[in-house]
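Trainee: Below: one structure in structure tokens.
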Amino acid sequence: MMNEELKMMNKTTNVILSLSKNLGKAFTILLILLSSIAFAAPQDQLKSANDFYAEGNYTEAIEMYQAILNADNISTDLYYNLGNCYYKTDNIPQAILHYEKALKLKPDNEDALFNLKMANKRTVDKVERLPELFIGSTWRNLITSKTVDSWAYYTIGLIFIALLLFASYLLMQLVIIKKISFYAGLFFFGLSMFTFLMAAQHNGIVQQSSEAIIFAPTITIQSEPNENAEALFTLHEGTKVTLLEESNEWSKIKLPNGNVGWIKSEEIEKI
């Protein structure tokens with residue numbers, strides 16, 4: 001009886017183990033299928049959107065690109081493509097907004113930079129920027145030449161190289177190699193601290209400054225968040241402003257020339 005019970009228990013165990021393995025395989029296959037479907041869906045949508053754009057069906061392309069973005073598939077290329085669609089349909093504020101968003105993800109996107117310049121030429125307001133000290137403007141341009149993520153990747157890569165060189169210093173026997181490894185390790189570690197500083201500085205700029213594009217064809221900027229306040233100056237659609245403060249339905253903005261005033265929040269869209 002004991003032997004029969006043991007046999008039954010072994011059979012039951014084997015069946016359970018077999019089922020577990022099969023379920024595990026099935027679950028793995030299901031995950032692979034789901035991930036492939038999730039990956040394929042945006043790719044199919046992207047192809048359709050690109051086809052619409054190539055055929056000149058810009059409205060359909062905009063809807064498709066926007067659907068991809070709404071599914072959290074954000075990229076500089078998508079924003080750039082959307083900007084192009086809006087530019088082709090003469091919706092300059094939307095074109096500028098999406099070129100700016102593309103550049104926020106990738107500041108060195110040359111195509112977006114060029115097309116943004118072309119779109120800005122079609123705006124009414126030509127606001128001159130206040131002169132900056134050469135050192136300050138050069139430093140800021142250097143910081144914003146790469147995204148925060150790019151500076152972070154450089155930092156990680158340089159630290160890894162520095163660690164390899166320090167390991168070489170500890171393991172090698174030749175004095176000349178030990179010296180080269182040590183000083184090269186110090187150099188790459190110092191370089192990694194510099195790229196870390198760039199990442200921190202760029203992140204600070206992103207956190208502190210918030211920009212927006214004006215969408216109203218013509219809007220009067222007020223001295224206070226009140227429709228009856230003194231009118232300061234007039235702006236037009238497509239102009240980029242810096243957001244300083246928000247109060248109820250109003251936003252305090254600043255122009256590159258230093259002018260400050262209040263505008264209805266509904267008339268602008270944040271980058």
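Here's how to read the names in the structure tokens: chain A, B, ... by the order shown, residue numbers from 1 in each chain, ligand numbers from 1 in the order shown.
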Identify, with DSSP run on backbone atoms, the residues in segment 46-248 of chain A assigned to strand (DSSP E), and express the list as a list of chain:residue names.

Mentor: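 Going through segment 46-248 of chain A, the strand (DSSP E) residues come out as A:Ser210, A:Glu211, A:Ala212, A:Ile213, A:Ile214, A:Thr218, A:Ile219, A:Thr220, A:Ile221, A:Gln222, A:Ala231, A:Leu232, A:Phe233, A:Thr234, A:Leu235, A:His236, A:Lys240, A:Val241, A:Thr242, A:Leu243, A:Leu244, A:Glu245, A:Glu246, A:Ser247.
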
Trainee: I want to know what sits within 12 Å of segment 252-267 of chain A, based on only C-alpha atoms, with residues of the same chain fewer than 4 positions away left out; could you give that as a ChimeraX atom specification?

Mentor: /A:93,125-132,209-248

Trainee: I want to know what sits within 7 Å of segment 106-121 of chain A, based on only C-alpha atoms, with residues of the same chain fewer than 2 positions away left out; could you give that as a ChimeraX atom specification?

Mentor: /A:76,80,92,96,99,102-104,123,144-147

Trainee: Give me a file of those residues, with all heavy atoms, as a CSV table (one decimal), in the first residue's frame.

Mentor:
chain,number,residue,atom,x,y,z
A,76,THR,N,11.5,62.6,-30.6
A,76,THR,CA,11.8,63.8,-31.3
A,76,THR,C,11.3,63.8,-32.7
A,76,THR,O,10.9,64.7,-33.3
A,76,THR,CB,13.3,64.2,-31.2
A,76,THR,OG1,13.5,65.4,-31.8
A,76,THR,CG2,14.1,63.1,-31.9
A,80,TYR,N,8.7,66.2,-34.7
A,80,TYR,CA,9.2,66.9,-35.9
A,80,TYR,C,8.3,66.6,-37.1
A,80,TYR,O,8.0,67.5,-37.8
A,80,TYR,CB,10.6,66.3,-36.2
A,80,TYR,CG,11.2,66.7,-37.6
A,80,TYR,CD1,11.6,68.1,-37.8
A,80,TYR,CD2,11.3,65.8,-38.6
A,80,TYR,CE1,12.0,68.4,-39.0
A,80,TYR,CE2,11.8,66.2,-39.9
A,80,TYR,CZ,12.1,67.5,-40.1
A,80,TYR,OH,12.6,67.9,-41.3
A,92,ILE,N,1.0,77.7,-38.4
A,92,ILE,CA,2.3,78.0,-37.9
A,92,ILE,C,2.5,77.9,-36.4
A,92,ILE,O,3.5,77.4,-35.9
A,92,ILE,CB,2.7,79.4,-38.4
A,92,ILE,CG1,2.7,79.5,-39.9
A,92,ILE,CG2,4.1,79.8,-37.9
A,92,ILE,CD1,3.5,78.5,-40.6
A,96,ILE,N,5.4,75.5,-34.9
A,96,ILE,CA,6.5,76.0,-34.0
A,96,ILE,C,6.5,75.2,-32.7
A,96,ILE,O,7.5,74.8,-32.1
A,96,ILE,CB,6.3,77.5,-33.7
A,96,ILE,CG1,6.6,78.3,-35.0
A,96,ILE,CG2,7.2,78.0,-32.6
A,96,ILE,CD1,6.3,79.8,-34.9
A,99,TYR,N,8.0,71.7,-33.3
A,99,TYR,CA,9.4,71.8,-33.5
A,99,TYR,C,10.1,72.1,-32.2
A,99,TYR,O,11.2,71.5,-31.9
A,99,TYR,CB,9.8,72.9,-34.5
A,99,TYR,CG,9.4,72.7,-36.0
A,99,TYR,CD1,8.9,73.7,-36.8
A,99,TYR,CD2,9.5,71.4,-36.5
A,99,TYR,CE1,8.5,73.4,-38.1
A,99,TYR,CE2,9.1,71.1,-37.8
A,99,TYR,CZ,8.6,72.2,-38.6
A,99,TYR,OH,8.2,71.9,-39.9
A,102,ALA,N,10.3,68.9,-30.3
A,102,ALA,CA,11.3,68.0,-30.8
A,102,ALA,C,12.7,68.4,-30.3
A,102,ALA,O,13.5,67.5,-30.0
A,102,ALA,CB,11.2,68.0,-32.3
A,103,LEU,N,12.9,69.7,-30.3
A,103,LEU,CA,14.2,70.2,-29.8
A,103,LEU,C,14.4,70.1,-28.3
A,103,LEU,O,15.5,70.0,-27.8
A,103,LEU,CB,14.4,71.7,-30.2
A,103,LEU,CG,14.5,71.9,-31.7
A,103,LEU,CD1,14.4,73.4,-32.1
A,103,LEU,CD2,15.9,71.3,-32.2
A,104,LYS,N,13.3,70.0,-27.6
A,104,LYS,CA,13.4,69.8,-26.1
A,104,LYS,C,14.0,68.4,-25.8
A,104,LYS,O,14.7,68.2,-24.9
A,104,LYS,CB,12.1,70.0,-25.5
A,104,LYS,CG,12.2,70.4,-24.0
A,104,LYS,CD,10.9,71.0,-23.5
A,104,LYS,CE,11.0,71.5,-22.1
A,104,LYS,NZ,9.8,72.1,-21.6
A,123,THR,N,6.1,84.4,-38.7
A,123,THR,CA,5.4,85.0,-37.6
A,123,THR,C,5.5,86.6,-37.7
A,123,THR,O,6.4,87.1,-38.3
A,123,THR,CB,6.0,84.6,-36.2
A,123,THR,OG1,7.3,85.0,-36.1
A,123,THR,CG2,5.8,83.1,-36.0
A,144,THR,N,23.0,73.3,-23.0
A,144,THR,CA,21.7,72.9,-23.8
A,144,THR,C,22.0,72.3,-25.1
A,144,THR,O,21.1,71.9,-25.8
A,144,THR,CB,20.8,74.1,-24.0
A,144,THR,OG1,21.5,75.1,-24.7
A,144,THR,CG2,20.3,74.7,-22.6
A,145,SER,N,23.3,72.1,-25.4
A,145,SER,CA,23.6,71.4,-26.7
A,145,SER,C,23.3,69.9,-26.7
A,145,SER,O,23.1,69.3,-27.7
A,145,SER,CB,25.1,71.6,-27.0
A,145,SER,OG,25.9,70.9,-26.0
A,146,LYS,N,23.2,69.3,-25.5
A,146,LYS,CA,22.8,67.9,-25.3
A,146,LYS,C,21.6,67.9,-24.3
A,146,LYS,O,21.4,68.8,-23.5
A,146,LYS,CB,23.9,67.1,-24.8
A,146,LYS,CG,25.2,67.1,-25.7
A,146,LYS,CD,24.9,66.4,-27.0
A,146,LYS,CE,26.2,66.5,-27.9
A,146,LYS,NZ,25.9,65.9,-29.3
A,147,THR,N,20.8,66.8,-24.4
A,147,THR,CA,19.8,66.6,-23.5
A,147,THR,C,20.3,66.2,-22.1
A,147,THR,O,21.5,65.8,-22.0
A,147,THR,CB,18.8,65.5,-24.0
A,147,THR,OG1,19.5,64.3,-24.1
A,147,THR,CG2,18.2,65.9,-25.3

Trainee: Separation of atom CA of Asp149 of chain A and atom CA of Leu197 of chain A, in Å?

Mentor: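 So the two atoms, atom CA of Asp149 of chain A and atom CA of Leu197 of chain A, lie 12.5 Å apart.
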
Trainee: Would you compute the distance between atom CA of Asn57 of chain A and atom CA of Gly83 of chain A? Give it in Å to one decimal.

Mentor: 14.4 Å

Trainee: Quick check, in Å to one decimal: how far apart do atom CA of Ile135 of chain A and atom CA of Phe189 of chain A lie?

Mentor: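 Between atom CA of Ile135 of chain A and atom CA of Phe189 of chain A the gap works out to 25.2 Å.
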
Trainee: List as a ChimeraX atom specification the protein and nucleic acid residues near Tyr86 of chain A, meaning an atom at most 9 Å away when only C-alpha atoms are counted, but skip any in the same chain fewer than 2 places from it.

Mentor: /A:58-59,62,81-84,88-96,98

Trainee: Give the answer as one residue: which of A:Ile177, A:Lys47, A:Glu269, A:Phe187 has the shortest atom-to-atom distance to Ser251 of chain A, using only C-alpha atoms?

Mentor: A:Glu269

Trainee: What's around segment 154-171 of chain A at 12 Å? Count only C-alpha atoms, leave out sequence neighbours fewer than 6 positions away in its own chain, and write the answer as a list in words.

Mentor: Lys146, Thr147, Val148, Ile177, Lys178, Lys179, Ile180, Ser181, Phe182, Tyr183, Ala184, Gly185, Leu186, Phe187, Phe188, Phe189, Gly190, Leu191, Ser192, Met193, Phe194, Thr195, Phe196, Leu197, Met198, Ala199 and Ala200 of chain A

Trainee: Compile the contact shell of Ser75 of chain A as a VMD selection string: residues with an atom at most 8 Å away, counting only C-alpha atoms, same-chain residues fewer than 3 positions apart removed.

Mentor: chain A and resid 78 to 79 102 105

Trainee: Please produce a file of those selected residues containing C-alpha atoms, as a CSV table (one decimal), in the first residue's frame.

Mentor:
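Resulting contents of out.csv:
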chain,number,residue,atom,x,y,z
A,78,LEU,CA,7.3,62.3,-34.0
A,79,TYR,CA,7.2,65.9,-32.9
A,102,ALA,CA,11.3,68.0,-30.8
A,105,LEU,CA,14.1,66.1,-26.6

Trainee: Enumerate as a ChimeraX atom specification all residues of segment 6-234 of chain A assigned to helix (DSSP H, G or I) by DSSP on the backbone, naming them with the chain letters and numbers the document uses.

Mentor: /A:6-54,58-70,76-88,92-105,110-120,134-143,148-171,175-208
